[in-house]
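*Asks:* So I've got this file, start_27.csv, and it contains CSV, C-alpha atoms:
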```csv
chain,number,residue,atom,x,y,z
D,14,MET,CA,-5.0,11.7,8.2
D,15,PRO,CA,-5.6,8.0,8.7
D,16,GLU,CA,-7.0,6.9,12.1
D,17,PRO,CA,-4.6,5.1,14.4
D,18,TYR,CA,-4.9,1.3,14.2
D,19,HIS,CA,-5.5,-0.6,17.4
D,20,GLY,CA,-5.8,-4.2,16.1
D,21,PRO,CA,-8.6,-6.3,14.5
D,22,GLN,CA,-11.7,-4.4,13.6
D,23,CYS,CA,-15.1,-5.0,12.2
D,24,PRO,CA,-14.6,-4.9,8.4
D,25,HIS,CA,-18.0,-3.1,8.0
D,26,CYS,CA,-17.9,-0.3,10.6
D,27,ASP,CA,-14.2,-0.3,11.7
D,28,VAL,CA,-15.0,-0.7,15.4
D,29,THR,CA,-12.1,-2.3,17.2
D,30,LEU,CA,-12.9,-5.9,18.3
D,31,SER,CA,-11.6,-7.3,21.5
D,32,ASN,CA,-9.7,-10.6,21.4
D,33,SER,CA,-12.4,-12.3,23.4
D,34,LEU,CA,-14.9,-11.7,20.6
D,35,LEU,CA,-12.8,-13.1,17.8
D,36,ARG,CA,-13.7,-16.6,16.6
D,37,THR,CA,-13.3,-18.6,13.4
D,38,GLY,CA,-16.5,-18.9,11.3
D,39,THR,CA,-19.3,-16.5,10.8
D,40,MET,CA,-19.0,-13.5,13.2
D,41,THR,CA,-21.4,-10.7,13.9
D,42,CYS,CA,-20.2,-7.3,14.9
D,43,PRO,CA,-21.6,-6.3,18.3
D,44,SER,CA,-21.7,-2.6,17.1
D,45,CYS,CA,-23.3,-2.8,13.6
D,46,ASP,CA,-24.8,-6.3,13.7
D,47,SER,CA,-23.2,-7.0,10.3
D,48,ALA,CA,-22.1,-10.6,9.6
D,49,PHE,CA,-18.7,-11.6,8.1
D,50,GLU,CA,-16.6,-14.7,7.7
D,51,ALA,CA,-13.5,-14.8,9.9
D,52,THR,CA,-10.4,-16.9,10.4
D,53,VAL,CA,-8.7,-16.2,13.7
D,54,PHE,CA,-4.9,-16.8,14.2
D,55,HIS,CA,-2.9,-16.8,17.3
D,56,PRO,CA,0.4,-15.4,16.3
D,57,PRO,CA,3.4,-16.4,18.5
D,58,GLU,CA,4.5,-13.9,21.1
D,59,HIS,CA,7.8,-12.2,20.4
D,60,ARG,CA,9.8,-12.3,23.5
D,61,VAL,CA,13.2,-10.6,23.4
D,62,THR,CA,15.3,-11.1,26.5
D,63,ALA,CA,18.2,-8.8,27.1
D,64,PRO,CA,21.0,-10.0,29.4
D,65,THR,CA,21.1,-8.1,32.7
D,66,LEU,CA,24.1,-6.8,34.6
D,67,VAL,CA,23.1,-8.9,37.6
D,68,ASN,CA,23.3,-12.1,35.6
D,69,ALA,CA,26.3,-11.2,33.4
D,70,GLY,CA,28.4,-9.6,36.1
D,71,PRO,CA,30.4,-6.4,36.2
D,72,GLU,CA,33.0,-7.7,33.7
D,73,ALA,CA,30.3,-7.9,31.0
D,74,GLY,CA,30.6,-4.2,30.3
D,75,SER,CA,28.5,-1.0,30.6
D,76,ALA,CA,24.8,-0.6,31.4
D,77,CYS,CA,22.3,0.5,28.7
D,78,ALA,CA,21.5,4.2,28.8
D,79,ASN,CA,17.8,3.5,28.6
D,80,HIS,CA,17.6,0.3,30.7
D,81,ALA,CA,20.0,0.6,33.6
D,82,ARG,CA,19.7,-3.1,34.5
D,83,ASN,CA,20.6,-4.4,31.0
D,84,VAL,CA,24.0,-4.9,29.6
D,85,ALA,CA,24.9,-2.6,26.7
D,86,VAL,CA,25.7,-4.6,23.6
D,87,ALA,CA,26.4,-1.8,21.1
D,88,SER,CA,26.7,2.0,20.9
D,89,CYS,CA,24.6,4.2,18.7
D,90,GLN,CA,26.6,5.2,15.6
D,91,ARG,CA,25.0,8.7,15.7
D,92,CYS,CA,25.1,9.8,19.3
D,93,GLY,CA,27.4,7.1,20.8
D,94,LEU,CA,24.9,6.1,23.5
D,95,PHE,CA,25.4,2.6,25.0
D,96,ILE,CA,22.4,0.5,24.2
D,97,CYS,CA,21.1,-3.0,25.1
D,98,SER,CA,19.7,-5.5,22.7
D,99,LEU,CA,16.2,-4.2,23.4
D,100,CYS,CA,17.1,-0.7,22.2
D,101,GLU,CA,19.5,-1.8,19.4
D,102,MET,CA,18.1,-0.7,16.0
D,103,ASN,CA,20.4,-2.5,13.6
D,104,ILE,CA,19.3,-1.8,10.0
D,105,GLY,CA,22.1,-3.4,8.2
D,106,THR,CA,24.0,-0.2,7.4
D,107,GLY,CA,24.5,0.8,11.0
D,108,THR,CA,23.3,0.6,14.6
D,109,TYR,CA,21.1,3.3,16.1
D,110,CYS,CA,19.4,4.0,19.4
D,111,PRO,CA,15.6,4.4,19.1
D,112,SER,CA,15.6,8.2,19.4
D,113,CYS,CA,18.3,8.6,16.7
D,114,PHE,CA,16.5,6.0,14.5
D,115,ASP,CA,13.3,8.1,14.7
D,116,ARG,CA,15.3,11.3,13.9
D,117,VAL,CA,17.1,10.0,10.9
D,118,ARG,CA,14.0,8.2,9.6
D,119,SER,CA,11.9,11.4,9.9
D,120,GLU,CA,14.7,13.3,8.1
D,121,GLY,CA,14.6,10.8,5.3
D,122,SER,CA,18.4,10.3,5.5
D,123,LEU,CA,18.0,6.6,6.3
D,124,GLN,CA,18.4,5.0,2.9
D,125,ALA,CA,17.7,1.4,4.1
D,126,ALA,CA,14.2,2.1,5.3
D,127,PRO,CA,12.3,4.4,3.0
D,128,THR,CA,8.6,3.8,3.2
D,129,ARG,CA,7.5,6.8,1.1
D,130,TYR,CA,8.8,7.7,-2.3
D,131,ARG,CA,7.8,9.4,-5.5
D,132,ASP,CA,6.2,7.4,-8.3
D,133,TYR,CA,7.9,8.7,-11.4
D,134,SER,CA,6.0,6.5,-13.7
D,135,THR,CA,2.7,8.1,-12.8
D,136,MET,CA,4.2,11.5,-13.1
D,137,GLY,CA,5.3,10.5,-16.6
D,138,ILE,CA,1.8,9.3,-17.5
D,139,THR,CA,0.4,12.7,-16.3
D,140,ALA,CA,2.9,14.7,-18.3
D,141,VAL,CA,2.2,12.7,-21.5
D,142,LEU,CA,-1.6,13.1,-21.0
D,143,ALA,CA,-1.2,16.8,-20.3
D,144,GLY,CA,0.9,17.1,-23.5
D,145,PHE,CA,-1.8,15.3,-25.5
D,146,LEU,CA,-4.6,17.4,-24.2
D,147,LEU,CA,-2.7,20.7,-24.7
D,148,SER,CA,-1.3,19.8,-28.1
D,149,PHE,CA,-3.5,22.3,-29.7
D,150,MET,CA,-1.5,25.0,-27.8
D,151,PHE,CA,1.8,23.4,-29.2
D,152,LEU,CA,2.6,22.2,-25.6
D,153,SER,CA,3.1,18.6,-26.6
D,154,VAL,CA,6.8,19.1,-27.1
D,155,PRO,CA,7.7,20.4,-23.6
D,156,PHE,CA,5.2,18.0,-21.9
D,157,GLY,CA,6.5,15.1,-24.0
D,158,ALA,CA,10.1,16.0,-22.9
D,159,VAL,CA,9.0,16.0,-19.3
D,160,GLY,CA,7.3,12.7,-19.9
D,161,ILE,CA,10.5,11.2,-21.3
D,162,TYR,CA,12.5,12.4,-18.3
D,163,TYR,CA,10.0,10.9,-15.8
D,164,ALA,CA,9.6,7.7,-17.8
D,165,ILE,CA,13.4,7.1,-17.7
D,166,LYS,CA,13.5,7.9,-14.0
D,167,GLY,CA,10.5,5.6,-13.5
D,168,ARG,CA,12.1,2.8,-15.4
D,169,ARG,CA,15.2,3.0,-13.2
D,170,GLN,CA,13.1,3.2,-10.1
D,171,ARG,CA,11.1,0.1,-11.0
D,172,ARG,CA,14.3,-1.8,-11.9
D,173,GLU,CA,15.9,-1.0,-8.6
D,174,ARG,CA,12.8,-2.1,-6.7
D,175,GLY,CA,12.4,-5.3,-8.7
D,176,GLY,CA,9.1,-4.3,-10.4
D,177,SER,CA,8.0,-4.6,-14.0
D,178,THR,CA,9.4,-2.0,-16.4
D,179,VAL,CA,6.8,-2.4,-19.1
D,180,GLY,CA,4.7,0.6,-17.9
D,181,PRO,CA,7.6,3.2,-18.0
D,182,ILE,CA,8.7,1.8,-21.4
D,183,VAL,CA,5.2,2.3,-22.9
D,184,VAL,CA,5.2,5.8,-21.4
D,185,LEU,CA,8.6,6.5,-22.9
D,186,ILE,CA,7.6,5.4,-26.4
D,187,VAL,CA,4.3,7.4,-26.2
D,188,ALA,CA,6.3,10.5,-24.9
D,189,ILE,CA,8.8,10.2,-27.8
D,190,LEU,CA,6.0,9.9,-30.3
D,191,GLU,CA,4.3,13.0,-28.7
D,192,VAL,CA,7.5,15.0,-29.0
D,193,LEU,CA,8.0,13.9,-32.6
D,194,GLY,CA,4.4,14.6,-33.4
D,195,GLY,CA,4.6,18.1,-31.8
D,196,LEU,CA,7.8,18.9,-33.7
D,197,ALA,CA,6.2,17.7,-37.0
D,198,LEU,CA,3.1,19.9,-36.3
D,199,ILE,CA,5.3,23.0,-35.6
D,200,GLY,CA,7.4,22.2,-38.7
D,201,PHE,CA,4.3,21.8,-40.9
D,202,LEU,CA,2.9,25.2,-39.7
D,203,ILE,CA,6.2,27.0,-40.3
D,204,TRP,CA,6.4,25.4,-43.8
D,205,SER,CA,2.8,26.4,-44.5
D,206,LEU,CA,3.6,30.0,-43.4
D,207,VAL,CA,6.7,30.2,-45.5
D,208,ASN,CA,5.1,28.8,-48.6
D,209,THR,CA,1.8,30.8,-48.4
D,210,PRO,CA,1.8,33.3,-51.3
V,15,MET,CA,10.5,-12.2,-5.3
V,16,ARG,CA,7.0,-10.9,-4.5
V,17,GLN,CA,3.8,-11.7,-6.3
V,18,ARG,CA,0.7,-9.4,-6.6
V,19,ILE,CA,-2.3,-11.0,-5.0
V,20,GLY,CA,-4.9,-8.2,-5.2
V,21,LYS,CA,-5.7,-4.5,-5.0
V,22,SER,CA,-8.0,-2.1,-3.3
V,23,THR,CA,-9.1,1.0,-5.1
V,24,SER,CA,-11.0,4.0,-3.7
V,25,LEU,CA,-11.8,7.4,-5.1
V,26,VAL,CA,-8.5,8.9,-3.9
V,27,THR,CA,-6.1,6.0,-3.3
V,28,ARG,CA,-5.1,2.8,-4.9
V,29,GLU,CA,-3.5,0.0,-2.9
V,30,LEU,CA,-1.6,-2.9,-4.4
V,31,ILE,CA,-1.0,-6.0,-2.2
V,32,TYR,CA,1.9,-8.3,-2.8
V,33,GLN,CA,2.8,-11.6,-1.2
V,34,ALA,CA,6.4,-11.3,-0.1
V,35,ASP,CA,8.8,-13.7,1.8
V,36,ASP,CA,7.9,-12.6,5.3
V,37,GLY,CA,4.6,-10.7,4.9
V,38,PHE,CA,2.1,-8.9,2.8
V,39,ASP,CA,3.5,-5.8,1.2
V,40,VAL,CA,1.0,-3.0,0.7
V,41,GLU,CA,1.8,-0.2,-1.7
V,42,MET,CA,-0.6,2.7,-1.3
V,43,ARG,CA,-0.5,5.2,-4.2
V,44,GLU,CA,-1.6,8.7,-3.2
V,45,HIS,CA,-1.4,11.1,-6.1
V,46,TYR,CA,2.3,10.9,-7.1
V,47,GLU,CA,3.6,9.3,-3.9
V,48,VAL,CA,3.8,5.6,-2.9
V,49,VAL,CA,3.6,4.7,0.8
V,50,GLN,CA,4.7,1.3,1.7
V,51,ARG,CA,3.7,-0.8,4.7
V,52,ARG,CA,3.8,-4.4,5.6
V,53,VAL,CA,1.6,-6.9,7.4
V,54,LEU,CA,4.0,-9.6,8.6
V,55,TYR,CA,2.7,-13.2,8.6
V,56,ASP,CA,3.8,-13.6,12.2
V,57,ASP,CA,1.6,-10.6,13.2
V,58,VAL,CA,-1.7,-11.6,11.5
V,59,GLN,CA,-4.5,-12.0,14.1
V,60,LEU,CA,-7.6,-12.1,11.9
V,61,VAL,CA,-8.5,-12.5,8.3
V,62,THR,CA,-12.1,-11.6,7.3
V,63,TYR,CA,-14.2,-12.1,4.1
V,64,HIS,CA,-17.4,-10.2,3.5
V,65,ARG,CA,-19.5,-8.8,0.7
V,66,GLU,CA,-20.6,-5.1,0.6
V,67,PHE,CA,-22.2,-2.6,-1.6
V,68,GLY,CA,-19.8,0.3,-1.1
V,69,SER,CA,-21.9,3.2,0.0
V,70,VAL,CA,-19.6,5.9,-1.4
V,71,TYR,CA,-19.4,4.2,-4.8
V,72,LEU,CA,-23.2,3.7,-4.9
V,73,GLY,CA,-23.8,7.3,-3.8
V,74,VAL,CA,-21.5,8.8,-6.5
V,75,THR,CA,-22.7,6.6,-9.4
V,76,GLY,CA,-26.3,6.9,-8.3
V,77,SER,CA,-26.1,10.7,-8.1
V,78,VAL,CA,-24.4,11.1,-11.5
V,79,ALA,CA,-27.0,8.7,-13.0
V,80,ALA,CA,-29.8,10.7,-11.5
V,81,VAL,CA,-28.4,14.1,-12.5
V,82,PHE,CA,-28.1,13.1,-16.1
V,83,CYS,CA,-30.8,10.4,-16.7
V,84,ILE,CA,-33.8,12.3,-15.1
V,85,PRO,CA,-33.3,15.4,-17.4
V,86,ALA,CA,-32.6,13.0,-20.3
V,87,ILE,CA,-36.0,11.2,-19.7
V,88,GLY,CA,-37.7,14.6,-19.4
V,89,PHE,CA,-36.2,15.8,-22.7
V,90,ALA,CA,-37.1,12.5,-24.4
V,91,MET,CA,-40.7,12.9,-23.4
V,92,LEU,CA,-40.9,16.3,-25.1
V,93,GLY,CA,-40.5,14.5,-28.4
V,94,SER,CA,-38.9,17.3,-30.6
V,95,ASP,CA,-35.7,16.6,-32.6
V,96,ALA,CA,-33.7,19.1,-30.5
V,97,ALA,CA,-35.0,17.6,-27.3
V,98,ILE,CA,-34.1,14.1,-28.4
V,99,GLY,CA,-30.6,15.2,-29.3
V,100,GLY,CA,-30.3,16.8,-25.8
V,101,ALA,CA,-31.6,13.6,-24.2
V,102,ILE,CA,-29.0,11.5,-26.1
V,103,ALA,CA,-26.2,13.8,-25.1
V,104,LEU,CA,-27.3,13.6,-21.4
V,105,ALA,CA,-27.8,9.8,-21.7
V,106,LEU,CA,-24.2,9.4,-22.9
V,107,PHE,CA,-23.0,10.5,-19.4
V,108,GLY,CA,-25.9,9.1,-17.4
V,109,VAL,CA,-26.2,5.6,-18.8
V,110,PRO,CA,-22.6,4.4,-18.0
V,111,ALA,CA,-23.1,5.7,-14.4
V,112,LEU,CA,-26.5,4.0,-14.2
V,113,LEU,CA,-24.9,0.7,-15.5
V,114,ALA,CA,-22.1,1.0,-12.9
V,115,PHE,CA,-24.7,1.6,-10.2
V,116,LEU,CA,-26.8,-1.4,-11.2
V,117,ILE,CA,-23.9,-3.7,-11.6
V,118,ARG,CA,-22.6,-2.9,-8.1
V,119,LEU,CA,-26.1,-3.3,-6.7
V,120,LEU,CA,-26.4,-6.8,-8.3
V,121,TRP,CA,-22.8,-8.0,-7.9
V,122,ARG,CA,-21.6,-6.2,-4.8
V,123,VAL,CA,-17.9,-6.3,-4.0
V,124,ASP,CA,-16.0,-9.0,-2.1
V,125,VAL,CA,-13.6,-7.7,0.5
V,126,ILE,CA,-10.8,-9.6,2.2
V,127,THR,CA,-9.2,-7.8,5.2
V,128,ILE,CA,-6.0,-9.0,6.9
V,129,PHE,CA,-5.6,-7.6,10.4
V,130,GLY,CA,-2.2,-7.7,11.9
V,131,ARG,CA,-1.0,-6.5,15.3
V,132,ARG,CA,0.2,-3.2,14.0
V,133,SER,CA,-1.3,-2.8,10.5
V,134,LYS,CA,-3.9,-4.1,8.1
V,135,ALA,CA,-4.4,-4.8,4.4
V,136,SER,CA,-7.5,-4.9,2.4
V,137,LEU,CA,-8.2,-6.6,-1.0
V,138,ARG,CA,-11.3,-5.9,-3.0
V,139,PHE,CA,-12.7,-8.1,-5.8
V,140,SER,CA,-15.6,-6.5,-7.8
V,141,PHE,CA,-16.3,-9.3,-10.3
V,142,ARG,CA,-14.1,-12.4,-9.8
V,143,LYS,CA,-15.8,-13.9,-6.8
V,144,ARG,CA,-14.2,-17.3,-7.3
V,145,LYS,CA,-10.8,-15.8,-7.3
V,146,ALA,CA,-11.7,-13.8,-4.1
V,147,ARG,CA,-12.6,-17.1,-2.4
V,148,ALA,CA,-9.4,-18.8,-3.6
V,149,THR,CA,-7.3,-15.8,-2.4
V,150,TYR,CA,-9.0,-15.9,1.0
V,151,GLY,CA,-8.1,-19.6,1.3
V,152,LYS,CA,-4.5,-19.0,0.1
V,153,ILE,CA,-3.9,-16.1,2.5
V,154,CYS,CA,-5.2,-18.2,5.5
V,155,ALA,CA,-2.9,-21.1,4.4
V,156,ILE,CA,0.1,-18.9,4.0
V,157,VAL,CA,-0.4,-17.3,7.5
V,158,ARG,CA,-1.1,-20.7,9.1
V,159,GLN,CA,2.0,-22.2,7.6
V,160,ALA,CA,4.2,-19.2,8.6
V,161,GLN,CA,2.9,-19.0,12.2
V,162,GLY,CA,3.3,-22.8,12.5
V,163,ARG,CA,7.0,-22.4,11.6
V,164,GLY,CA,7.2,-19.5,14.1
V,165,ARG,CA,6.2,-21.8,17.0
V,166,MET,CA,9.5,-23.7,16.8
V,167,PRO,CA,12.0,-22.7,19.5
V,168,ALA,CA,13.9,-19.6,18.2
V,169,PRO,CA,17.7,-19.5,18.4
V,170,PRO,CA,19.0,-17.0,21.1
V,171,ILE,CA,19.7,-13.5,19.9
V,172,ASP,CA,23.3,-12.8,18.8
V,173,GLY,CA,24.0,-10.2,21.5
V,174,ALA,CA,22.8,-12.4,24.3
V,175,ASP,CA,24.7,-15.4,22.9
V,176,ALA,CA,28.0,-13.4,22.7
V,177,ILE,CA,27.6,-12.1,26.3
V,178,ALA,CA,26.7,-15.4,27.7
V,179,SER,CA,29.7,-17.0,26.1
V,180,ALA,CA,31.9,-14.2,27.4
V,181,ALA,CA,30.5,-14.7,30.8
V,182,ASP,CA,31.2,-18.4,30.6
V,183,ASP,CA,34.8,-17.6,29.6
V,184,ALA,CA,35.1,-15.3,32.6
V,185,GLY,CA,33.7,-18.0,34.8
V,186,VAL,CA,30.6,-15.9,35.8
V,187,SER,CA,27.5,-18.0,36.1
```
Could I get this structure in the form of structure tokens?

*Replies:*
Amino acid sequence: MPEPYHGPQCPHCDVTLSNSLLRTGTMTCPSCDSAFEATVFHPPEHRVTAPTLVNAGPEAGSACANHARNVAVASCQRCGLFICSLCEMNIGTGTYCPSCFDRVRSEGSLQAAPTRYRDYSTMGITAVLAGFLLSFMFLSVPFGAVGIYYAIKGRRQRRERGGSTVGPIVVLIVAILEVLGGLALIGFLIWSLVNTP
Amino acid sequence: MRQRIGKSTSLVTRELIYQADDGFDVEMREHYEVVQRRVLYDDVQLVTYHREFGSVYLGVTGSVAAVFCIPAIGFAMLGSDAAIGGAIALALFGVPALLAFLIRLLWRVDVITIFGRRSKASLRFSFRKRKARATYGKICAIVRQAQGRGRMPAPPIDGADAIASAADDAGVS
């Protein structure tokens, strides 16, 4: 389990550095005394202001369910809650309130924001290697077939994500050769058994 | 379109870092899963550059080298044919680990770390020191340029704009 991140740290000992310690040039960590080169940036503050009912007037509409003083600008498409522009989680395919966004994200049903997915190309490489190592047990055919399946899925996945498809294609070719080699080995053994006097 | 700028590999994970339109994409590969996160250019607070040995790497390679090379030297000192054969077999495992240990001890590894408000990314360069230095400069330039753009006055958010115009129409000030 990764430790929670609280902002800039010492790159040597991972101790969190307060903003007052940060400076451009050579820095020394107050905790471990290690030196490192640093470039400090001052990112612009993001200030989102939501219109309030006091300013907009009663004709402007309903109040936000989470911020009673703010004007609701949308309703959550999952629970129907009125939400202001601070709470509005618009992800392109719909608008959610923060709690519904957390729920659908943890359920994995939010297709627009997946941050964790299976790497089918690596699974294909593993299947091909396993088939190669276990070929003496005539397992290269089933493992090669699994490798072909994962290589095809990996290629499709890489193409959808805009990555290079060279790796999955190489895995696919090797997996096909592995299956053909395994079949040839089995065929040769059967032929040898049949033709043995 | 994103471009790969570096990687960071440990014993259990492998991270690939890409330069994207609005931030650095980090793809962390854990076994058969990829976990994505992003350090936005607008969020970067600190970029650091340092050189380290990597204690875990040195510990692992040093231990493997010691486990195989010390008995190999012992066998070699016995002098018999069988012992020399055993020493060679052990050295086949020990010498690569010893080489890796010595190379890391001499070269060390250059590490660039990008610290954002909510996440961080790390790039490690074992051999290409000049490229590491160039990448550090490039990262700082990209962030500086992006944050410079961000200081321009931002247009009002859509919701507020719509409500403000509705309020104007209704004559509410």

*Asks:* Just need the box for region 116-127 of chain V, edges along x, y and z, holding every atom the file lists for it with 3 Å tacked onto each side, so centre and edge lengths in Å to one decimal, as AutoDock Vina command-line options.

*Replies:*
```
--center_x -18.0 --center_y -5.5 --center_z -3.2 --size_x 23.6 --size_y 14.2 --size_z 22.8
```

*Asks:* List every residue of chain D that has an atom at most 8 Å from any atom of chain V, giving for each one its closest atom pair and the distance in Å to one decimal, counting all atoms listed in the file, sorted by chain and then by ascending residue number, as CSV.

*Replies:*
```
residue,atom,partner,partner_atom,distance
D:Tyr18,CA,V:Ser133,CA,6.6
D:His19,CA,V:Arg132,CA,7.1
D:Gly20,CA,V:Arg131,CA,5.4
D:Pro21,CA,V:Phe129,CA,5.2
D:Gln22,CA,V:Phe129,CA,7.6
D:Pro24,CA,V:Thr127,CA,6.9
D:Leu35,CA,V:Leu60,CA,7.9
D:Ala48,CA,V:His64,CA,7.7
D:Phe49,CA,V:His64,CA,5.0
D:Glu50,CA,V:Tyr63,CA,5.0
D:Ala51,CA,V:Thr62,CA,4.4
D:Thr52,CA,V:Val61,CA,5.2
D:Val53,CA,V:Leu60,CA,4.6
D:Phe54,CA,V:Gln59,CA,4.8
D:His55,CA,V:Gln59,CA,6.0
D:Pro56,CA,V:Asp56,CA,5.6
D:Pro57,CA,V:Arg165,CA,6.3
D:Val61,CA,V:Ile171,CA,7.9
D:Thr62,CA,V:Ala174,CA,7.9
D:Ala63,CA,V:Ala174,CA,6.5
D:Pro64,CA,V:Ala174,CA,5.9
D:Asn68,CA,V:Ser187,CA,7.3
D:Ala69,CA,V:Ala181,CA,6.1
D:Gly70,CA,V:Val186,CA,6.7
D:Glu72,CA,V:Ala184,CA,8.0
D:Ala73,CA,V:Ala181,CA,6.8
D:Val86,CA,V:Gly173,CA,6.2
D:Ser98,CA,V:Gly173,CA,6.5
D:Thr128,CA,V:Gln50,CA,4.9
D:Arg129,CA,V:Val49,CA,4.4
D:Tyr130,CA,V:Val48,CA,5.5
D:Arg131,CA,V:Glu47,CA,4.5
D:Asp132,CA,V:Tyr46,CA,5.4
D:Tyr133,CA,V:Tyr46,CA,7.4
D:Thr135,CA,V:Tyr46,CA,6.4
D:Met136,CA,V:Tyr46,CA,6.3
D:Gly175,CA,V:Met15,CA,7.9
```

*Asks:* Could you tell me, as a list in words, which residues have any atom at most 12 Å from (-22.0, 3.7, -15.6), counting all atoms listed in the file?

*Replies:*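 All residues meeting the 12 Å criterion around (-22.0, 3.7, -15.6) are Tyr71, Leu72, Val74, Thr75, Gly76, Ser77, Val78, Ala79, Ala80, Phe82, Cys83, Ala105, Leu106, Phe107, Gly108, Val109, Pro110, Ala111, Leu112, Leu113, Ala114, Phe115, Leu116, Ile117 and Arg118 of chain V.
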
*Asks:* Please produce a file of the residues just selected, as a PDB file, in the coordinates of the input, where the atoms kept are C-alpha atoms.

*Replies:*
```
ATOM      1  CA  TYR V  71     -19.400   4.200  -4.800  1.00  0.00           C
ATOM      2  CA  LEU V  72     -23.200   3.700  -4.900  1.00  0.00           C
ATOM      3  CA  VAL V  74     -21.500   8.800  -6.500  1.00  0.00           C
ATOM      4  CA  THR V  75     -22.700   6.600  -9.400  1.00  0.00           C
ATOM      5  CA  GLY V  76     -26.300   6.900  -8.300  1.00  0.00           C
ATOM      6  CA  SER V  77     -26.100  10.700  -8.100  1.00  0.00           C
ATOM      7  CA  VAL V  78     -24.400  11.100 -11.500  1.00  0.00           C
ATOM      8  CA  ALA V  79     -27.000   8.700 -13.000  1.00  0.00           C
ATOM      9  CA  ALA V  80     -29.800  10.700 -11.500  1.00  0.00           C
ATOM     10  CA  PHE V  82     -28.100  13.100 -16.100  1.00  0.00           C
ATOM     11  CA  CYS V  83     -30.800  10.400 -16.700  1.00  0.00           C
ATOM     12  CA  ALA V 105     -27.800   9.800 -21.700  1.00  0.00           C
ATOM     13  CA  LEU V 106     -24.200   9.400 -22.900  1.00  0.00           C
ATOM     14  CA  PHE V 107     -23.000  10.500 -19.400  1.00  0.00           C
ATOM     15  CA  GLY V 108     -25.900   9.100 -17.400  1.00  0.00           C
ATOM     16  CA  VAL V 109     -26.200   5.600 -18.800  1.00  0.00           C
ATOM     17  CA  PRO V 110     -22.600   4.400 -18.000  1.00  0.00           C
ATOM     18  CA  ALA V 111     -23.100   5.700 -14.400  1.00  0.00           C
ATOM     19  CA  LEU V 112     -26.500   4.000 -14.200  1.00  0.00           C
ATOM     20  CA  LEU V 113     -24.900   0.700 -15.500  1.00  0.00           C
ATOM     21  CA  ALA V 114     -22.100   1.000 -12.900  1.00  0.00           C
ATOM     22  CA  PHE V 115     -24.700   1.600 -10.200  1.00  0.00           C
ATOM     23  CA  LEU V 116     -26.800  -1.400 -11.200  1.00  0.00           C
ATOM     24  CA  ILE V 117     -23.900  -3.700 -11.600  1.00  0.00           C
ATOM     25  CA  ARG V 118     -22.600  -2.900  -8.100  1.00  0.00           C
TER      26      ARG V 118
END
```

*Asks:* Can you work out the spacing between CA of Cys45 (chain D) and CA of Cys23 (chain D) in Å, to one decimal?

*Replies:*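 The value is 8.6 Å.
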
*Asks:* Tell me, as a list in words, which residues lie within 12 Å of Val184 (chain D), counting all atoms listed in the file; anything in the same chain fewer than 4 positions away does not count.

*Replies:*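 Result of the neighbour search: Tyr133, Ser134, Thr135, Met136, Gly137, Ile138, Thr139, Ala140, Val141, Leu142, Gly157, Ala158, Val159, Gly160, Ile161, Tyr162, Tyr163, Ala164, Ile165, Lys166, Gly167, Arg168, Thr178, Val179, Gly180, Ala188, Ile189, Leu190 and Glu191 of chain D.
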
*Asks:* Give me, please, the distance in Å between CA of Leu137 (chain V) and CA of Lys21 (chain V), quoted to one decimal.

*Replies:*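 A separation of 5.2 Å between them.
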
*Asks:* Rounded to one decimal place, report the CA of Ala78 (chain D)-CA of Phe95 (chain D) distance in Å.

*Replies:*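 A separation of 5.7 Å between them.
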